[in-house]
Structures are given as structure tokens and as C-alpha cells.
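A.B. asks: Sharing a structure here in C-alpha cells format.
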Amino acid sequence: MSCLKYLIQPLPQEEFLENNWTKKAITISSKGQKDFTDLFSWDKLNHLLNFHQIEYPDVRVAFDGKVLEAKENRNLTQWCHKGGTLIIDQIHQRIPEVSMLASKLSYELGYPTQVNAYCSWSSKKGFSRHYDTHDVFILQVEGSKQWYVYTDTLKYPLPNQKSSSLEPPEEEAYLSCILHPGDVLYIPRGHWHYAVTKEEPSIHLTLGIHSRTGIDLLEWLICKLQHREEWRESLPLRIDNNSFNLSVETLIKDLEQYINNHNISEEYYSYLDSLGKPIYQYALPYQAGFNIFANGIETKFKIPQFQRLKISQIAEEEDEYKIIVSGKEVSIKGVPEKFLENLFSRETFTGKDVINLLPDYDWEIDIMPMLSKLVNERVIFVEPGV
């Protein structure tokens with residue numbers, strides 16, 4: 001089951017995407033059929049606080065609608081006792097189970113994700129009414145929480161268009177709901193909301209999806225144009241209107257020509273692919289070149305999950321290809337493209353599998369160096385003890 005379908009079940013994915021995504025908040029009740037304690041819990045919260053040196057603002061307290069200053073983290077438990085909301089950011093970088101969920105959803109949707117944890121204790125509001133500049137899924141882990149969601153006052157706000165500079169809507173909330181463990185609430189970006197904890201202490205996770213916009217596309221295009229001399233050149237002094245206007249018109253024509261001569265959508269799509277990071281990046285001592293083939297041809301390798309990988313031929317060399325993954329390029333020479341496509345379509349493989357795919361290649365002379373390079377470049381990983 002896809003990650004998105006898991007989050008919104010039993011609601012059909014097509015119905016959610018058509019009626020709710022970026023449009024309207026919706027509550028999805030688990031009806032006791034699932035929970036999120038495998039992702040997060042009080043024990044995992046305490047582990048983070050006790051054994052990880054998390055600094056402000058990644059850990060902070062909100063009280064009566066305001067985030068407290070960094071110095072108040074010294075009194076964290078006292079503020080929690082008073083009813084403050086404890087927030088820990090970036091737990092997808094700290095908890096493996098959460099990282100797996102966030103990485104899988106990011107891979108499916110094609111955009112970065114982020115997960116924060118919110119822990120609250122009483123009927124006080126941690127935050128005043130506000131909106132987020134990205135879409136969020138609220139995953140209720142422990143306790144229960146009352147949520148109120150209002151219409152947007154600014155369609156599709158950008159990251160720099162914060163709710164603190166705007167007035168909230170005057171009308172009543174269009175959605176009021178109580179989340180229980182296992183329930184999910186989706187809130188589109190720009191939709192105002194706030195929450196109040198019920199009687200029991202509450203933990204919820206906010207899973208944010210940072211979709212790209214037309215503004216992001218233009219910013220990427222600007223970065224490309226920075227490499228062109230004519231776009232770095234100063235515009236004429238404005239003492240001569242004709243020269244200034246002519247220069248601007250010339251740049252506009254150059255931009256039109258650049259766009260017509262490039263497949264912008266494909267290039268931007270590939271650029272977004274390059275931003276993805278594998279869930280695991282390190283596997284020592286293998287990546288330092290030690291004990292890679294401890295089991296000889298029975299050594300088992302795995303392809304990192306949730307990474308977008310592309311294989312393309314290097315034009316000048318018929319038998320040389322580049323593997324593009326996680327923002328880097330790794331060249332492989334002397335093997336057929338069909339072999340690479342076959343290899344990277346698998347989740348795992350052994351040295352013996354590679355021998356069967358390349359029957360005319362020598363294990364020690366050809367195959368071992370190639371696999372070693374892929375391990376060192378963190379394109380494939382050795383399965384320990386297998």
C-alpha cells in the first residue's frame with residue numbers, strides 16, 4: 001500500500017486528490033483500526049530529550065499563543081506543567097520509523113517532507129489561530145485534541161507570506177473535529193486553524209509536504225541564467241531611456257529563445273529528482289573499502305529505498321553511462337545499459353546475480369571493481385552478515 005493511501009484510508013485516494021488536496025480540510029477517522037505509536041510515543045519523546053542534544057529552536061515551548069524565548073528551555077518541564085506545548089522539529093531526522101514514513105511519502109509525491117512533534121497537556125491553546133505555508137497531515141498519536149479549521153484569506157501563501165502579518169477570517173470554522181489516536185486531519189496550506197487539547201496529555205505529529213510552485217520554477221530558472229554573461233551584465237544607466245528599454249527587450253527575447261531551446265519541464269523535473277536524499281547514507285566500514293566481499297560472490301547488496309535514479313549514456317562514449325542519483329553523478333564504463341537497468345530495478349542482489357547478468361565478465365577483474373565503486377559512492381549498500 002502506498003504511504004498516501006495508508007494515511008487517508010479508508011478514503012479513496014482519487015476522491016481525496018480531487019476534493020481535498022490544496023482545497024479543503026478533512027478528518028479521516030481510524031475507527032480504532034490503526035495507530036501511530038510505532039512512529040512516536042512518550043518513550044521516544046523522552047529518549048530524544050535525554051540522549052539527544054537538541055537545541056532551540058528545534059526544541060521549544062509555546063504558551064498562550066506565543067513561542068517562548070530560548071532561555072525558557074531550561075524550565076521546560078515547569079512550562080509543560082503550566083500547560084505549555086512542547087515542540088520538537090525535524091524528528092524525521094531523529095527517529096528511524098518516522099524517517100521511513102517521511103521518505104516514502106516524499107518519494108511518492110515528489111516533494112520534500114518534514115515531521116514535527118507536538119506534546120500538550122491541558123485545555124490551553126499552544127498557538128493562536130494561524131496558517132501554514134505548506135500542506136500538512138496531522139497524525140494523532142496519544143490523547144485527543146479538538147481542532148478548528150477556517151477558510152483561507154490568501155490563496156496559496158508562499159513561505160515568506162506568514163499569517164502573522166494578516167487578519168484571520170471572520171466567519172466560523174468550516175471544520176470542527178476531535179482527533180483520537182490513529183486519526184488523521186489534512187489541512188491545506190493557507191487554511192487558518194488552531195487546536196485545544198482535551199483532558200488527557202496529547203501527542204501529535206505534523207507531516208508537512210513542501211510542494212513546489214511557479215515561483216520556485218522561476219527561481220531555479222534564475223539560477224540557470226546566472227551562468228550566462230548577458231544576464232549578469234549591468235543594465236544601461238537610466239539617463240538614456242532608449243538604451244535601457246532596448247536592453248530589457250533584448251533580455252526578454254533571449255529568455256524566450258532560451259526557453260524555446262530547452263525542455264524546461266524535463267530539466268526542472270530532473271533537478272527536483274536530484275534534491276532527494278536516500279534514507280540511509282552511511283554504511284561503514286564498507287564505504288571505506290573494507291570487507292565489501294567478505295562472503296565472496298554470495299555477498300548481498302541492496303539498493304537504497306525511496307531514491308529517484310536515472311541512467312543516461314555519456315554521448316562521447318558508447319559504453320559509458322552515468323548514474324544520476326541524490327544530486328550526484330557516478331560514471332560506469334564497459335557494461336551494457338540493459339544490465340544497469342536490470343540491476344537497479346531490484347531491491348537486493350548478490351554477487352552471483354551480477355555474474356549471471358554479465359556471463360562474459362571476470363569476477364575479480366571486472367565485477368568487483370565496479371561493485372566497489374558503487375558501494376564507495378553510496379549508490380548501493382552491502383547487507384551486513386549476509
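If you're wondering about the labels, chains in the C-alpha cells are A, B, ... by order shown, residues count from 1 in each chain, ligands from 1 in order shown.
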Using DSSP on the backbone coordinates, identify the residues of region 6-170 of chain A assigned to alpha helix (DSSP H); present them as a CSV table (one decimal) with C-alpha atoms, in the first residue's frame.
C.D. replies:
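Output below, filename states-v9.csv:
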```csv
chain,number,residue,atom,x,y,z
A,6,TYR,CA,-2.2,4.4,4.3
A,7,LEU,CA,-2.6,7.8,5.7
A,8,ILE,CA,-6.1,8.5,4.3
A,13,GLN,CA,-7.1,8.4,-3.0
A,14,GLU,CA,-8.8,9.7,-6.1
A,15,GLU,CA,-11.5,11.2,-4.0
A,16,PHE,CA,-9.0,12.9,-1.7
A,17,LEU,CA,-6.9,14.3,-4.5
A,18,GLU,CA,-10.0,15.7,-6.4
A,19,ASN,CA,-11.9,17.1,-3.4
A,42,TRP,CA,6.2,9.1,25.2
A,43,ASP,CA,9.2,6.7,25.4
A,44,LYS,CA,10.6,8.0,22.2
A,45,LEU,CA,10.0,11.6,23.2
A,46,ASN,CA,11.9,11.0,26.5
A,47,HIS,CA,14.7,9.3,24.6
A,48,LEU,CA,15.1,12.4,22.4
A,49,LEU,CA,15.1,14.7,25.4
A,50,ASN,CA,17.5,12.6,27.4
A,51,PHE,CA,20.0,11.4,24.9
A,76,LEU,CA,10.9,23.1,30.0
A,77,THR,CA,9.1,20.8,32.5
A,78,GLN,CA,7.7,23.7,34.5
A,79,TRP,CA,6.2,25.2,31.4
A,80,CYS,CA,4.7,21.9,30.4
A,81,HIS,CA,3.2,21.7,33.9
A,82,LYS,CA,1.6,25.1,33.3
A,96,PRO,CA,14.1,5.9,12.0
A,97,GLU,CA,10.5,4.9,11.8
A,98,VAL,CA,9.4,8.5,11.2
A,99,SER,CA,12.2,8.9,8.7
A,100,MET,CA,10.9,5.9,6.8
A,101,LEU,CA,7.4,7.3,6.6
A,102,ALA,CA,8.5,10.7,5.5
A,103,SER,CA,10.9,9.4,2.9
A,104,LYS,CA,8.3,7.1,1.4
A,105,LEU,CA,5.7,9.9,1.2
A,106,SER,CA,8.3,12.2,-0.3
A,107,TYR,CA,9.3,9.6,-2.9
A,108,GLU,CA,5.6,9.1,-3.8
A,109,LEU,CA,4.6,12.7,-4.0
```
A.B. asks: So that I can check the surroundings of region 371-385 of chain A, please list as a list of chain:residue names every protein, DNA and RNA residue that reaches within 6 Å of it, counting only C-alpha atoms and ignoring chain neighbours fewer than 5 positions away.
C.D. replies: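 In the requested form, the answer reads A:Gln287, A:Lys300, A:Phe301, A:Lys302, A:Ile303.
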A.B. asks: Can you measure CA of Gln226 (chain A) to CA of Asn245 (chain A) for me? One decimal in Å is fine.
C.D. replies: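 One can read the CA of Gln226 (chain A) to CA of Asn245 (chain A) distance as 20.8 Å.
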A.B. asks: List every residue of region 192-310 of chain A that DSSP, applied to the backbone, labels as strand (DSSP E), and write the result as a list of chain:residue names.
C.D. replies: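 Those in region 192-310 of chain A that DSSP calls strand (DSSP E) are A:Trp192, A:His193, A:Tyr194, A:Ala195, A:Val196, A:Thr197, A:Ser202, A:Ile203, A:His204, A:Leu205, A:Thr206, A:Leu207, A:Gly208, A:Ile209, A:Lys300, A:Phe301, A:Lys302, A:Leu309, A:Lys310.
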A.B. asks: Next, dump the selected residues to file, keeping only C-alpha atoms, as a compact mmCIF listing (two decimals), in the first residue's frame.
C.D. replies:
```txt
# COMPACT_ATOMS: atom_id res chain seq x y z
CA TRP A 192 -6.30 29.04 9.30
CA HIS A 193 -6.51 26.67 12.26
CA TYR A 194 -5.83 26.11 15.94
CA ALA A 195 -6.18 23.22 18.38
CA VAL A 196 -7.04 22.64 22.05
CA THR A 197 -6.01 19.55 23.99
CA SER A 202 -1.68 14.66 23.75
CA ILE A 203 1.00 13.87 21.19
CA HIS A 204 0.50 14.54 17.52
CA LEU A 205 2.83 14.62 14.54
CA THR A 206 2.58 17.17 11.76
CA LEU A 207 3.69 15.75 8.44
CA GLY A 208 4.32 18.69 6.13
CA ILE A 209 4.60 18.49 2.34
CA LYS A 300 24.38 -9.44 -0.78
CA PHE A 301 23.80 -5.83 -1.82
CA LYS A 302 20.76 -3.59 -1.55
CA LEU A 309 17.68 7.18 -10.01
CA LYS A 310 18.32 7.90 -13.68
```
A.B. asks: Between CA of Val61 (chain A) and CA of Trp121 (chain A), what is the distance in Å, rounded to a tenth?
C.D. replies: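 If I compute the distance from CA of Val61 (chain A) to CA of Trp121 (chain A), I get 12.1 Å.
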A.B. asks: Quick one: residues within 12 Å of Leu221 (chain A), only C-alpha atoms, excluding same-chain residues fewer than 3 positions away - as a PyMOL selection string?
C.D. replies: chain A and resi 214-218+224-228+231+255+258-259+262-265+267-268+271
A.B. asks: Give me, please, the distance in Å between CA of Leu185 (chain A) and CA of Thr133 (chain A), quoted to one decimal.
C.D. replies: 16.3 Å
A.B. asks: Applying 10 Å and only C-alpha atoms, which residues near region 164-176 of chain A remain after dropping the ones on its own chain fewer than 2 positions away? List them as a PyMOL selection string.
C.D. replies: chain A and resi 24-27+128-131+146-154+161-162+178-179+191-193+195
A.B. asks: Taking 3 positions as the minimum chain separation for residues in the same chain, which residues sit within 12 Å of Glu230 (chain A) when counting only C-alpha atoms? Answer as a list in words.
C.D. replies: Leu225, Gln226, His227, Glu233, Ser234, Leu235, Ser247, Val248, Thr250, Leu251, Ile252, Lys253, Asp254 and Leu255 of chain A
A.B. asks: Which one of A:Ser312, A:Ser122, A:Ser211, A:Gln114 sits closest to His134 (chain A) if you count only C-alpha atoms?
C.D. replies: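 Among A:Ser312, A:Ser122, A:Ser211, A:Gln114, it is A:Ser211 that comes nearest to His134 (chain A).
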